[in-house]
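Asker: Provided below: start.pdb, containing PDB, N, CA and C atoms.
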ATOM      1  N   MET A   1     -33.027 -62.899  51.123  1.00  0.00           N
ATOM      2  CA  MET A   1     -31.984 -63.523  51.902  1.00  0.00           C
ATOM      3  C   MET A   1     -30.919 -62.464  52.180  1.00  0.00           C
ATOM      4  N   PRO A   2     -30.428 -62.360  53.392  1.00  0.00           N
ATOM      5  CA  PRO A   2     -29.443 -61.327  53.743  1.00  0.00           C
ATOM      6  C   PRO A   2     -28.031 -61.697  53.259  1.00  0.00           C
ATOM      7  N   THR A   3     -27.742 -61.397  52.022  1.00  0.00           N
ATOM      8  CA  THR A   3     -26.444 -61.797  51.460  1.00  0.00           C
ATOM      9  C   THR A   3     -25.306 -60.849  51.807  1.00  0.00           C
ATOM     10  N   ASP A   4     -25.492 -60.040  52.826  1.00  0.00           N
ATOM     11  CA  ASP A   4     -24.365 -59.248  53.317  1.00  0.00           C
ATOM     12  C   ASP A   4     -23.712 -59.949  54.502  1.00  0.00           C
ATOM     13  N   ASP A   5     -24.278 -61.082  54.914  1.00  0.00           N
ATOM     14  CA  ASP A   5     -23.782 -61.833  56.065  1.00  0.00           C
ATOM     15  C   ASP A   5     -24.002 -63.318  55.783  1.00  0.00           C
ATOM     16  N   ALA A   6     -22.937 -64.033  55.459  1.00  0.00           N
ATOM     17  CA  ALA A   6     -23.042 -65.442  55.064  1.00  0.00           C
ATOM     18  C   ALA A   6     -23.665 -66.294  56.165  1.00  0.00           C
ATOM     19  N   THR A   7     -23.304 -66.054  57.407  1.00  0.00           N
ATOM     20  CA  THR A   7     -23.835 -66.849  58.516  1.00  0.00           C
ATOM     21  C   THR A   7     -25.344 -66.653  58.641  1.00  0.00           C
ATOM     22  N   ALA A   8     -25.793 -65.409  58.583  1.00  0.00           N
ATOM     23  CA  ALA A   8     -27.228 -65.121  58.662  1.00  0.00           C
ATOM     24  C   ALA A   8     -27.964 -65.708  57.459  1.00  0.00           C
ATOM     25  N   ALA A   9     -27.354 -65.633  56.295  1.00  0.00           N
ATOM     26  CA  ALA A   9     -27.981 -66.180  55.085  1.00  0.00           C
ATOM     27  C   ALA A   9     -28.110 -67.696  55.180  1.00  0.00           C
ATOM     28  N   MET A  10     -27.092 -68.370  55.708  1.00  0.00           N
ATOM     29  CA  MET A  10     -27.154 -69.825  55.848  1.00  0.00           C
ATOM     30  C   MET A  10     -28.220 -70.218  56.867  1.00  0.00           C
ATOM     31  N   LYS A  11     -28.366 -69.441  57.931  1.00  0.00           N
ATOM     32  CA  LYS A  11     -29.431 -69.710  58.902  1.00  0.00           C
ATOM     33  C   LYS A  11     -30.804 -69.544  58.242  1.00  0.00           C
ATOM     34  N   GLU A  12     -30.925 -68.544  57.388  1.00  0.00           N
ATOM     35  CA  GLU A  12     -32.190 -68.317  56.686  1.00  0.00           C
ATOM     36  C   GLU A  12     -32.484 -69.450  55.702  1.00  0.00           C
ATOM     37  N   VAL A  13     -31.458 -69.983  55.061  1.00  0.00           N
ATOM     38  CA  VAL A  13     -31.644 -71.128  54.168  1.00  0.00           C
ATOM     39  C   VAL A  13     -32.186 -72.312  54.972  1.00  0.00           C
ATOM     40  N   GLU A  14     -31.580 -72.584  56.120  1.00  0.00           N
ATOM     41  CA  GLU A  14     -32.028 -73.690  56.968  1.00  0.00           C
ATOM     42  C   GLU A  14     -33.462 -73.468  57.440  1.00  0.00           C
ATOM     43  N   ARG A  15     -33.761 -72.272  57.934  1.00  0.00           N
ATOM     44  CA  ARG A  15     -35.101 -71.968  58.424  1.00  0.00           C
ATOM     45  C   ARG A  15     -36.137 -72.081  57.306  1.00  0.00           C
ATOM     46  N   SER A  16     -35.826 -71.489  56.175  1.00  0.00           N
ATOM     47  CA  SER A  16     -36.774 -71.492  55.052  1.00  0.00           C
ATOM     48  C   SER A  16     -37.009 -72.891  54.517  1.00  0.00           C
ATOM     49  N   THR A  17     -35.962 -73.683  54.483  1.00  0.00           N
ATOM     50  CA  THR A  17     -36.084 -75.047  53.972  1.00  0.00           C
ATOM     51  C   THR A  17     -36.845 -75.929  54.959  1.00  0.00           C
ATOM     52  N   ASN A  18     -36.476 -75.856  56.227  1.00  0.00           N
ATOM     53  CA  ASN A  18     -37.068 -76.741  57.233  1.00  0.00           C
ATOM     54  C   ASN A  18     -38.469 -76.321  57.671  1.00  0.00           C
ATOM     55  N   GLU A  19     -38.688 -75.039  57.861  1.00  0.00           N
ATOM     56  CA  GLU A  19     -39.974 -74.571  58.388  1.00  0.00           C
ATOM     57  C   GLU A  19     -40.974 -74.171  57.307  1.00  0.00           C
ATOM     58  N   LEU A  20     -40.473 -73.653  56.192  1.00  0.00           N
ATOM     59  CA  LEU A  20     -41.363 -73.136  55.159  1.00  0.00           C
ATOM     60  C   LEU A  20     -41.402 -73.996  53.902  1.00  0.00           C
ATOM     61  N   ASP A  21     -40.584 -75.032  53.873  1.00  0.00           N
ATOM     62  CA  ASP A  21     -40.510 -75.936  52.728  1.00  0.00           C
ATOM     63  C   ASP A  21     -40.130 -75.209  51.428  1.00  0.00           C
ATOM     64  N   ALA A  22     -39.255 -74.214  51.551  1.00  0.00           N
ATOM     65  CA  ALA A  22     -38.808 -73.452  50.380  1.00  0.00           C
ATOM     66  C   ALA A  22     -37.921 -74.324  49.501  1.00  0.00           C
ATOM     67  N   ASP A  23     -38.047 -74.146  48.204  1.00  0.00           N
ATOM     68  CA  ASP A  23     -37.174 -74.865  47.282  1.00  0.00           C
ATOM     69  C   ASP A  23     -36.327 -73.911  46.442  1.00  0.00           C
ATOM     70  N   GLY A  24     -36.363 -72.626  46.817  1.00  0.00           N
ATOM     71  CA  GLY A  24     -35.571 -71.643  46.107  1.00  0.00           C
ATOM     72  C   GLY A  24     -35.487 -70.343  46.889  1.00  0.00           C
ATOM     73  N   PHE A  25     -34.619 -69.459  46.411  1.00  0.00           N
ATOM     74  CA  PHE A  25     -34.355 -68.209  47.117  1.00  0.00           C
ATOM     75  C   PHE A  25     -34.150 -67.087  46.110  1.00  0.00           C
ATOM     76  N   ALA A  26     -34.612 -65.903  46.467  1.00  0.00           N
ATOM     77  CA  ALA A  26     -34.389 -64.718  45.645  1.00  0.00           C
ATOM     78  C   ALA A  26     -33.295 -63.888  46.303  1.00  0.00           C
ATOM     79  N   VAL A  27     -32.360 -63.423  45.517  1.00  0.00           N
ATOM     80  CA  VAL A  27     -31.279 -62.587  46.034  1.00  0.00           C
ATOM     81  C   VAL A  27     -31.090 -61.379  45.116  1.00  0.00           C
ATOM     82  N   HIS A  28     -30.669 -60.281  45.717  1.00  0.00           N
ATOM     83  CA  HIS A  28     -30.297 -59.110  44.926  1.00  0.00           C
ATOM     84  C   HIS A  28     -28.831 -59.248  44.521  1.00  0.00           C
ATOM     85  N   SER A  29     -28.462 -58.600  43.438  1.00  0.00           N
ATOM     86  CA  SER A  29     -27.073 -58.667  42.979  1.00  0.00           C
ATOM     87  C   SER A  29     -26.115 -58.040  43.984  1.00  0.00           C
ATOM     88  N   SER A  30     -26.615 -57.111  44.779  1.00  0.00           N
ATOM     89  CA  SER A  30     -25.830 -56.567  45.888  1.00  0.00           C
ATOM     90  C   SER A  30     -26.795 -56.273  47.026  1.00  0.00           C
ATOM     91  N   TYR A  31     -26.306 -56.433  48.249  1.00  0.00           N
ATOM     92  CA  TYR A  31     -27.149 -56.217  49.415  1.00  0.00           C
ATOM     93  C   TYR A  31     -26.306 -55.502  50.453  1.00  0.00           C
ATOM     94  N   ASN A  32     -26.703 -54.297  50.801  1.00  0.00           N
ATOM     95  CA  ASN A  32     -25.937 -53.455  51.734  1.00  0.00           C
ATOM     96  C   ASN A  32     -24.481 -53.318  51.303  1.00  0.00           C
ATOM     97  N   GLY A  33     -24.267 -53.174  50.010  1.00  0.00           N
ATOM     98  CA  GLY A  33     -22.923 -52.960  49.479  1.00  0.00           C
ATOM     99  C   GLY A  33     -22.088 -54.215  49.282  1.00  0.00           C
ATOM    100  N   VAL A  34     -22.632 -55.386  49.571  1.00  0.00           N
ATOM    101  CA  VAL A  34     -21.904 -56.643  49.390  1.00  0.00           C
ATOM    102  C   VAL A  34     -22.439 -57.322  48.132  1.00  0.00           C
ATOM    103  N   TYR A  35     -21.543 -57.569  47.176  1.00  0.00           N
ATOM    104  CA  TYR A  35     -21.928 -58.209  45.921  1.00  0.00           C
ATOM    105  C   TYR A  35     -21.851 -59.728  46.052  1.00  0.00           C
ATOM    106  N   LEU A  36     -22.591 -60.431  45.232  1.00  0.00           N
ATOM    107  CA  LEU A  36     -22.670 -61.886  45.316  1.00  0.00           C
ATOM    108  C   LEU A  36     -21.333 -62.582  45.095  1.00  0.00           C
ATOM    109  N   GLY A  37     -20.401 -61.926  44.427  1.00  0.00           N
ATOM    110  CA  GLY A  37     -19.083 -62.511  44.199  1.00  0.00           C
ATOM    111  C   GLY A  37     -18.119 -62.296  45.355  1.00  0.00           C
ATOM    112  N   ASP A  38     -18.560 -61.649  46.420  1.00  0.00           N
ATOM    113  CA  ASP A  38     -17.698 -61.375  47.572  1.00  0.00           C
ATOM    114  C   ASP A  38     -17.228 -62.688  48.199  1.00  0.00           C
ATOM    115  N   ALA A  39     -15.962 -62.760  48.516  1.00  0.00           N
ATOM    116  CA  ALA A  39     -15.374 -63.981  49.077  1.00  0.00           C
ATOM    117  C   ALA A  39     -16.030 -64.415  50.383  1.00  0.00           C
ATOM    118  N   SER A  40     -16.584 -63.477  51.135  1.00  0.00           N
ATOM    119  CA  SER A  40     -17.213 -63.819  52.412  1.00  0.00           C
ATOM    120  C   SER A  40     -18.453 -64.698  52.226  1.00  0.00           C
ATOM    121  N   LEU A  41     -19.004 -64.725  51.008  1.00  0.00           N
ATOM    122  CA  LEU A  41     -20.209 -65.508  50.746  1.00  0.00           C
ATOM    123  C   LEU A  41     -19.916 -66.926  50.253  1.00  0.00           C
ATOM    124  N   GLU A  42     -18.650 -67.282  50.119  1.00  0.00           N
ATOM    125  CA  GLU A  42     -18.296 -68.625  49.642  1.00  0.00           C
ATOM    126  C   GLU A  42     -18.968 -69.748  50.437  1.00  0.00           C
ATOM    127  N   PRO A  43     -19.003 -69.682  51.782  1.00  0.00           N
ATOM    128  CA  PRO A  43     -19.675 -70.760  52.524  1.00  0.00           C
ATOM    129  C   PRO A  43     -21.157 -70.898  52.148  1.00  0.00           C
ATOM    130  N   LEU A  44     -21.825 -69.794  51.882  1.00  0.00           N
ATOM    131  CA  LEU A  44     -23.226 -69.832  51.473  1.00  0.00           C
ATOM    132  C   LEU A  44     -23.374 -70.541  50.135  1.00  0.00           C
ATOM    133  N   TRP A  45     -22.536 -70.169  49.162  1.00  0.00           N
ATOM    134  CA  TRP A  45     -22.649 -70.791  47.832  1.00  0.00           C
ATOM    135  C   TRP A  45     -22.310 -72.273  47.888  1.00  0.00           C
ATOM    136  N   GLU A  46     -21.349 -72.647  48.709  1.00  0.00           N
ATOM    137  CA  GLU A  46     -21.017 -74.062  48.865  1.00  0.00           C
ATOM    138  C   GLU A  46     -22.212 -74.815  49.447  1.00  0.00           C
ATOM    139  N   MET A  47     -22.852 -74.221  50.440  1.00  0.00           N
ATOM    140  CA  MET A  47     -24.033 -74.843  51.049  1.00  0.00           C
ATOM    141  C   MET A  47     -25.137 -75.033  50.010  1.00  0.00           C
ATOM    142  N   LEU A  48     -25.421 -73.987  49.243  1.00  0.00           N
ATOM    143  CA  LEU A  48     -26.488 -74.056  48.247  1.00  0.00           C
ATOM    144  C   LEU A  48     -26.136 -74.996  47.104  1.00  0.00           C
ATOM    145  N   ASN A  49     -24.870 -75.058  46.715  1.00  0.00           N
ATOM    146  CA  ASN A  49     -24.453 -75.978  45.656  1.00  0.00           C
ATOM    147  C   ASN A  49     -24.660 -77.428  46.065  1.00  0.00           C
ATOM    148  N   GLY A  50     -24.592 -77.702  47.359  1.00  0.00           N
ATOM    149  CA  GLY A  50     -24.781 -79.056  47.856  1.00  0.00           C
ATOM    150  C   GLY A  50     -26.244 -79.470  47.962  1.00  0.00           C
ATOM    151  N   ARG A  51     -27.147 -78.557  47.685  1.00  0.00           N
ATOM    152  CA  ARG A  51     -28.582 -78.857  47.772  1.00  0.00           C
ATOM    153  C   ARG A  51     -29.143 -79.024  46.373  1.00  0.00           C
ATOM    154  N   LYS A  52     -29.348 -80.264  45.971  1.00  0.00           N
ATOM    155  CA  LYS A  52     -29.878 -80.532  44.634  1.00  0.00           C
ATOM    156  C   LYS A  52     -31.260 -79.923  44.461  1.00  0.00           C
ATOM    157  N   GLY A  53     -31.471 -79.309  43.322  1.00  0.00           N
ATOM    158  CA  GLY A  53     -32.782 -78.775  42.991  1.00  0.00           C
ATOM    159  C   GLY A  53     -33.092 -77.405  43.561  1.00  0.00           C
ATOM    160  N   THR A  54     -32.178 -76.823  44.315  1.00  0.00           N
ATOM    161  CA  THR A  54     -32.425 -75.490  44.865  1.00  0.00           C
ATOM    162  C   THR A  54     -32.306 -74.451  43.763  1.00  0.00           C
ATOM    163  N   VAL A  55     -33.279 -73.580  43.681  1.00  0.00           N
ATOM    164  CA  VAL A  55     -33.314 -72.533  42.665  1.00  0.00           C
ATOM    165  C   VAL A  55     -32.896 -71.218  43.297  1.00  0.00           C
ATOM    166  N   ILE A  56     -32.039 -70.488  42.606  1.00  0.00           N
ATOM    167  CA  ILE A  56     -31.644 -69.147  43.033  1.00  0.00           C
ATOM    168  C   ILE A  56     -32.106 -68.170  41.959  1.00  0.00           C
ATOM    169  N   PHE A  57     -32.933 -67.229  42.355  1.00  0.00           N
ATOM    170  CA  PHE A  57     -33.411 -66.198  41.440  1.00  0.00           C
ATOM    171  C   PHE A  57     -32.640 -64.921  41.738  1.00  0.00           C
ATOM    172  N   LEU A  58     -31.872 -64.456  40.771  1.00  0.00           N
ATOM    173  CA  LEU A  58     -31.082 -63.236  40.913  1.00  0.00           C
ATOM    174  C   LEU A  58     -31.881 -62.057  40.384  1.00  0.00           C
ATOM    175  N   HIS A  59     -32.059 -61.064  41.239  1.00  0.00           N
ATOM    176  CA  HIS A  59     -32.770 -59.858  40.844  1.00  0.00           C
ATOM    177  C   HIS A  59     -31.807 -58.686  40.968  1.00  0.00           C
ATOM    178  N   LEU A  60     -31.704 -57.921  39.908  1.00  0.00           N
ATOM    179  CA  LEU A  60     -30.835 -56.745  39.937  1.00  0.00           C
ATOM    180  C   LEU A  60     -31.417 -55.714  40.892  1.00  0.00           C
ATOM    181  N   ASN A  61     -30.556 -55.017  41.611  1.00  0.00           N
ATOM    182  CA  ASN A  61     -30.991 -54.102  42.653  1.00  0.00           C
ATOM    183  C   ASN A  61     -31.229 -52.703  42.096  1.00  0.00           C
ATOM    184  N   ALA A  62     -32.443 -52.451  41.674  1.00  0.00           N
ATOM    185  CA  ALA A  62     -32.798 -51.145  41.116  1.00  0.00           C
ATOM    186  C   ALA A  62     -33.074 -50.117  42.196  1.00  0.00           C
ATOM    187  N   TYR A  63     -33.076 -50.542  43.459  1.00  0.00           N
ATOM    188  CA  TYR A  63     -33.407 -49.632  44.553  1.00  0.00           C
ATOM    189  C   TYR A  63     -32.186 -49.182  45.339  1.00  0.00           C
ATOM    190  N   ALA A  64     -31.020 -49.470  44.835  1.00  0.00           N
ATOM    191  CA  ALA A  64     -29.786 -49.041  45.492  1.00  0.00           C
ATOM    192  C   ALA A  64     -29.671 -47.520  45.405  1.00  0.00           C
ATOM    193  N   PRO A  65     -28.867 -46.925  46.275  1.00  0.00           N
ATOM    194  CA  PRO A  65     -28.693 -45.472  46.228  1.00  0.00           C
ATOM    195  C   PRO A  65     -28.085 -45.012  44.902  1.00  0.00           C
ATOM    196  N   SER A  66     -28.318 -43.765  44.571  1.00  0.00           N
ATOM    197  CA  SER A  66     -27.752 -43.189  43.348  1.00  0.00           C
ATOM    198  C   SER A  66     -26.238 -43.294  43.344  1.00  0.00           C
ATOM    199  N   VAL A  67     -25.677 -43.374  42.144  1.00  0.00           N
ATOM    200  CA  VAL A  67     -24.229 -43.446  41.979  1.00  0.00           C
ATOM    201  C   VAL A  67     -23.796 -42.261  41.121  1.00  0.00           C
ATOM    202  N   MET A  68     -22.867 -41.490  41.637  1.00  0.00           N
ATOM    203  CA  MET A  68     -22.350 -40.319  40.932  1.00  0.00           C
ATOM    204  C   MET A  68     -23.485 -39.391  40.487  1.00  0.00           C
ATOM    205  N   GLY A  69     -24.510 -39.264  41.326  1.00  0.00           N
ATOM    206  CA  GLY A  69     -25.608 -38.367  41.028  1.00  0.00           C
ATOM    207  C   GLY A  69     -26.584 -38.879  39.987  1.00  0.00           C
ATOM    208  N   ARG A  70     -26.435 -40.113  39.561  1.00  0.00           N
ATOM    209  CA  ARG A  70     -27.310 -40.696  38.545  1.00  0.00           C
ATOM    210  C   ARG A  70     -28.217 -41.748  39.196  1.00  0.00           C
ATOM    211  N   PRO A  71     -29.469 -41.817  38.779  1.00  0.00           N
ATOM    212  CA  PRO A  71     -30.362 -42.836  39.339  1.00  0.00           C
ATOM    213  C   PRO A  71     -29.840 -44.244  39.028  1.00  0.00           C
ATOM    214  N   THR A  72     -29.877 -45.095  40.007  1.00  0.00           N
ATOM    215  CA  THR A  72     -29.367 -46.456  39.852  1.00  0.00           C
ATOM    216  C   THR A  72     -29.992 -47.203  38.668  1.00  0.00           C
ATOM    217  N   PRO A  73     -31.318 -47.155  38.476  1.00  0.00           N
ATOM    218  CA  PRO A  73     -31.870 -47.911  37.351  1.00  0.00           C
ATOM    219  C   PRO A  73     -31.334 -47.476  35.997  1.00  0.00           C
ATOM    220  N   LEU A  74     -30.905 -46.210  35.902  1.00  0.00           N
ATOM    221  CA  LEU A  74     -30.404 -45.712  34.627  1.00  0.00           C
ATOM    222  C   LEU A  74     -29.053 -46.310  34.240  1.00  0.00           C
ATOM    223  N   LEU A  75     -28.146 -46.393  35.197  1.00  0.00           N
ATOM    224  CA  LEU A  75     -26.785 -46.844  34.888  1.00  0.00           C
ATOM    225  C   LEU A  75     -26.414 -48.171  35.533  1.00  0.00           C
ATOM    226  N   GLU A  76     -26.614 -48.254  36.811  1.00  0.00           N
ATOM    227  CA  GLU A  76     -26.076 -49.384  37.558  1.00  0.00           C
ATOM    228  C   GLU A  76     -26.739 -50.718  37.258  1.00  0.00           C
ATOM    229  N   VAL A  77     -28.025 -50.731  36.988  1.00  0.00           N
ATOM    230  CA  VAL A  77     -28.701 -52.013  36.763  1.00  0.00           C
ATOM    231  C   VAL A  77     -28.042 -52.785  35.625  1.00  0.00           C
ATOM    232  N   ALA A  78     -27.646 -52.124  34.589  1.00  0.00           N
ATOM    233  CA  ALA A  78     -26.980 -52.817  33.475  1.00  0.00           C
ATOM    234  C   ALA A  78     -25.658 -53.443  33.912  1.00  0.00           C
ATOM    235  N   PHE A  79     -24.938 -52.790  34.809  1.00  0.00           N
ATOM    236  CA  PHE A  79     -23.638 -53.295  35.252  1.00  0.00           C
ATOM    237  C   PHE A  79     -23.750 -54.318  36.374  1.00  0.00           C
ATOM    238  N   GLU A  80     -24.857 -54.273  37.121  1.00  0.00           N
ATOM    239  CA  GLU A  80     -25.017 -55.189  38.244  1.00  0.00           C
ATOM    240  C   GLU A  80     -24.957 -56.653  37.816  1.00  0.00           C
ATOM    241  N   ALA A  81     -25.377 -56.944  36.600  1.00  0.00           N
ATOM    242  CA  ALA A  81     -25.406 -58.331  36.129  1.00  0.00           C
ATOM    243  C   ALA A  81     -24.012 -58.919  35.939  1.00  0.00           C
ATOM    244  N   THR A  82     -22.996 -58.081  35.802  1.00  0.00           N
ATOM    245  CA  THR A  82     -21.661 -58.604  35.532  1.00  0.00           C
ATOM    246  C   THR A  82     -20.644 -58.269  36.605  1.00  0.00           C
ATOM    247  N   ARG A  83     -20.955 -57.384  37.490  1.00  0.00           N
ATOM    248  CA  ARG A  83     -20.015 -56.930  38.501  1.00  0.00           C
ATOM    249  C   ARG A  83     -19.816 -57.982  39.590  1.00  0.00           C
ATOM    250  N   GLU A  84     -18.588 -58.181  40.015  1.00  0.00           N
ATOM    251  CA  GLU A  84     -18.261 -59.131  41.094  1.00  0.00           C
ATOM    252  C   GLU A  84     -17.377 -58.486  42.125  1.00  0.00           C
ATOM    253  N   GLN A  85     -17.781 -57.400  42.694  1.00  0.00           N
ATOM    254  CA  GLN A  85     -16.941 -56.714  43.674  1.00  0.00           C
ATOM    255  C   GLN A  85     -16.855 -57.478  44.943  1.00  0.00           C
TER     256      GLN A  85
END
Output the structure of this file as C-alpha coordinates.
Answerer:
Amino acid sequence: MPTDDATAAMKEVERSTNELDADGFAVHSSYNGVYLGDASLEPLWEMLNGRKGTVIFLHLNAYAPSVMGRPTPLLEVAFEATREQ
(Lines of atoms letter the chains of each structure in order from A and count residues from 1; the text may use other names and numbers.)
(Lines give C-alpha, C1' and ligand atoms only; values in the text may rest on other atoms or scores of the structure.)
Protein backbone atom coordinates (compact mmCIF):
# COMPACT_ATOMS: atom_id res chain seq x y z
CA MET A 1 0.00 0.00 0.00
CA PRO A 2 1.48 3.41 -0.91
CA THR A 3 1.66 4.96 2.56
CA ASP A 4 3.48 8.03 1.33
CA ASP A 5 0.17 9.35 -0.04
CA ALA A 6 -2.98 8.97 2.08
CA THR A 7 -5.35 9.59 -0.84
CA ALA A 8 -3.67 6.95 -3.02
CA ALA A 9 -3.58 4.51 -0.10
CA MET A 10 -7.30 4.99 0.59
CA LYS A 11 -8.07 4.37 -3.09
CA GLU A 12 -6.01 1.18 -2.89
CA VAL A 13 -7.94 0.08 0.21
CA GLU A 14 -11.22 0.58 -1.68
CA ARG A 15 -9.95 -1.19 -4.80
CA SER A 16 -8.44 -4.09 -2.88
CA THR A 17 -11.52 -4.55 -0.73
CA ASN A 18 -14.10 -4.23 -3.51
CA GLU A 19 -12.32 -5.92 -6.42
CA LEU A 20 -9.94 -8.35 -4.73
CA ASP A 21 -11.89 -9.14 -1.56
CA ALA A 22 -8.85 -8.29 0.59
CA ASP A 23 -9.30 -8.47 4.33
CA GLY A 24 -5.91 -7.06 5.26
CA PHE A 25 -2.97 -4.98 4.10
CA ALA A 26 0.81 -5.11 4.43
CA VAL A 27 2.65 -1.85 5.03
CA HIS A 28 6.28 -0.92 5.54
CA SER A 29 7.22 1.12 8.60
CA SER A 30 8.32 3.85 6.20
CA TYR A 31 7.61 4.32 2.51
CA ASN A 32 9.52 6.87 0.43
CA GLY A 33 10.60 8.60 3.63
CA VAL A 34 7.10 8.86 5.14
CA TYR A 35 6.66 7.03 8.45
CA LEU A 36 3.35 5.51 9.55
CA GLY A 37 3.02 8.07 12.35
CA ASP A 38 3.05 10.98 9.88
CA ALA A 39 0.06 13.27 10.39
CA SER A 40 -0.75 13.17 6.66
CA LEU A 41 -1.79 9.52 7.08
CA GLU A 42 -4.47 10.20 9.71
CA PRO A 43 -7.35 9.93 7.18
CA LEU A 44 -6.07 6.49 6.14
CA TRP A 45 -5.89 5.22 9.73
CA GLU A 46 -9.36 6.58 10.47
CA MET A 47 -10.70 4.78 7.40
CA LEU A 48 -9.05 1.50 8.39
CA ASN A 49 -10.14 1.82 12.03
CA GLY A 50 -13.73 2.01 10.81
CA ARG A 51 -13.43 -1.34 9.03
CA LYS A 52 -14.05 -4.15 11.48
CA GLY A 53 -11.82 -7.15 11.04
CA THR A 54 -9.26 -5.47 8.78
CA VAL A 55 -5.76 -6.76 9.45
CA ILE A 56 -2.68 -4.58 9.07
CA PHE A 57 0.65 -6.37 8.81
CA LEU A 58 3.58 -4.07 9.60
CA HIS A 59 6.86 -5.04 7.99
CA LEU A 60 10.06 -3.24 8.88
CA ASN A 61 11.75 -1.74 5.84
CA ALA A 62 15.08 -3.54 5.52
CA TYR A 63 15.49 -2.29 1.94
CA ALA A 64 15.69 1.41 2.72
CA PRO A 65 18.85 3.28 1.71
CA SER A 66 21.87 3.19 3.99
CA VAL A 67 21.97 5.63 6.88
CA MET A 68 25.22 7.32 7.85
CA GLY A 69 27.12 4.82 5.73
CA ARG A 70 25.69 1.83 7.60
CA PRO A 71 23.48 -0.84 6.04
CA THR A 72 19.85 -0.32 7.01
CA PRO A 73 19.28 -3.88 8.29
CA LEU A 74 22.17 -3.45 10.72
CA LEU A 75 20.93 -0.34 12.51
CA GLU A 76 17.69 1.07 11.25
CA VAL A 77 15.48 -2.02 11.35
CA ALA A 78 15.67 -2.10 15.14
CA PHE A 79 14.61 1.55 15.35
CA GLU A 80 11.93 1.37 12.67
CA ALA A 81 9.58 -0.43 15.07
CA THR A 82 9.42 2.56 17.42
CA ARG A 83 10.08 5.60 15.27
CA GLU A 84 7.16 7.95 14.49
CA GLN A 85 8.66 10.66 12.32
Asker: Rounded to one decimal, what separation in Å do you get between atom C of Trp45 in chain A and atom C of Ala8 in chain A?
Answerer: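 Separation between atom C of Trp45 in chain A and atom C of Ala8 in chain A: 12.9 Å.
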Asker: Enter the distance from CA of Asp5 in chain A to atom C of Val55 in chain A, in Å, rounded to one decimal.
Answerer: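 We find that CA of Asp5 in chain A and atom C of Val55 in chain A lie 18.3 Å from each other.
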Asker: Suppose you want the space between atom N of Phe25 in chain A and CA of Ile56 in chain A; what is it in Å?
Answerer: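 Computed distance, atom N of Phe25 in chain A to CA of Ile56 in chain A, equals 4.5 Å.
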Asker: Which is closer to Gly53 in chain A than all the others in A:Asn18, A:Pro65, A:Tyr31, A:Gly24, using only N, CA and C atoms?
Answerer: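 Comparing A:Asn18, A:Pro65, A:Tyr31, A:Gly24 against Gly53 in chain A, the winner is A:Gly24.
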Asker: Counting only C-alpha atoms, what is within 12 Å of Glu14 in chain A, bar same-chain residues fewer than 4 positions away, as a ChimeraX atom specification?
Answerer: /A:1,7-10,18-25,44,47-48,51
Asker: For Pro2 in chain A, which residue among A:Thr54, A:Ala26, A:Pro43, A:Ser16 is the nearest when counting only N, CA and C atoms?
Answerer: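 Of A:Thr54, A:Ala26, A:Pro43, A:Ser16, the one nearest Pro2 in chain A is A:Ala26, counting only N, CA and C atoms.
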Asker: Point out the residue among A:Val13, A:Val27, A:Ala6, A:Met68 with the least atom-to-atom distance to Leu41 in chain A, counting all atoms listed in the file.
Answerer: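 So, comparing all the options, the nearest one is A:Ala6.
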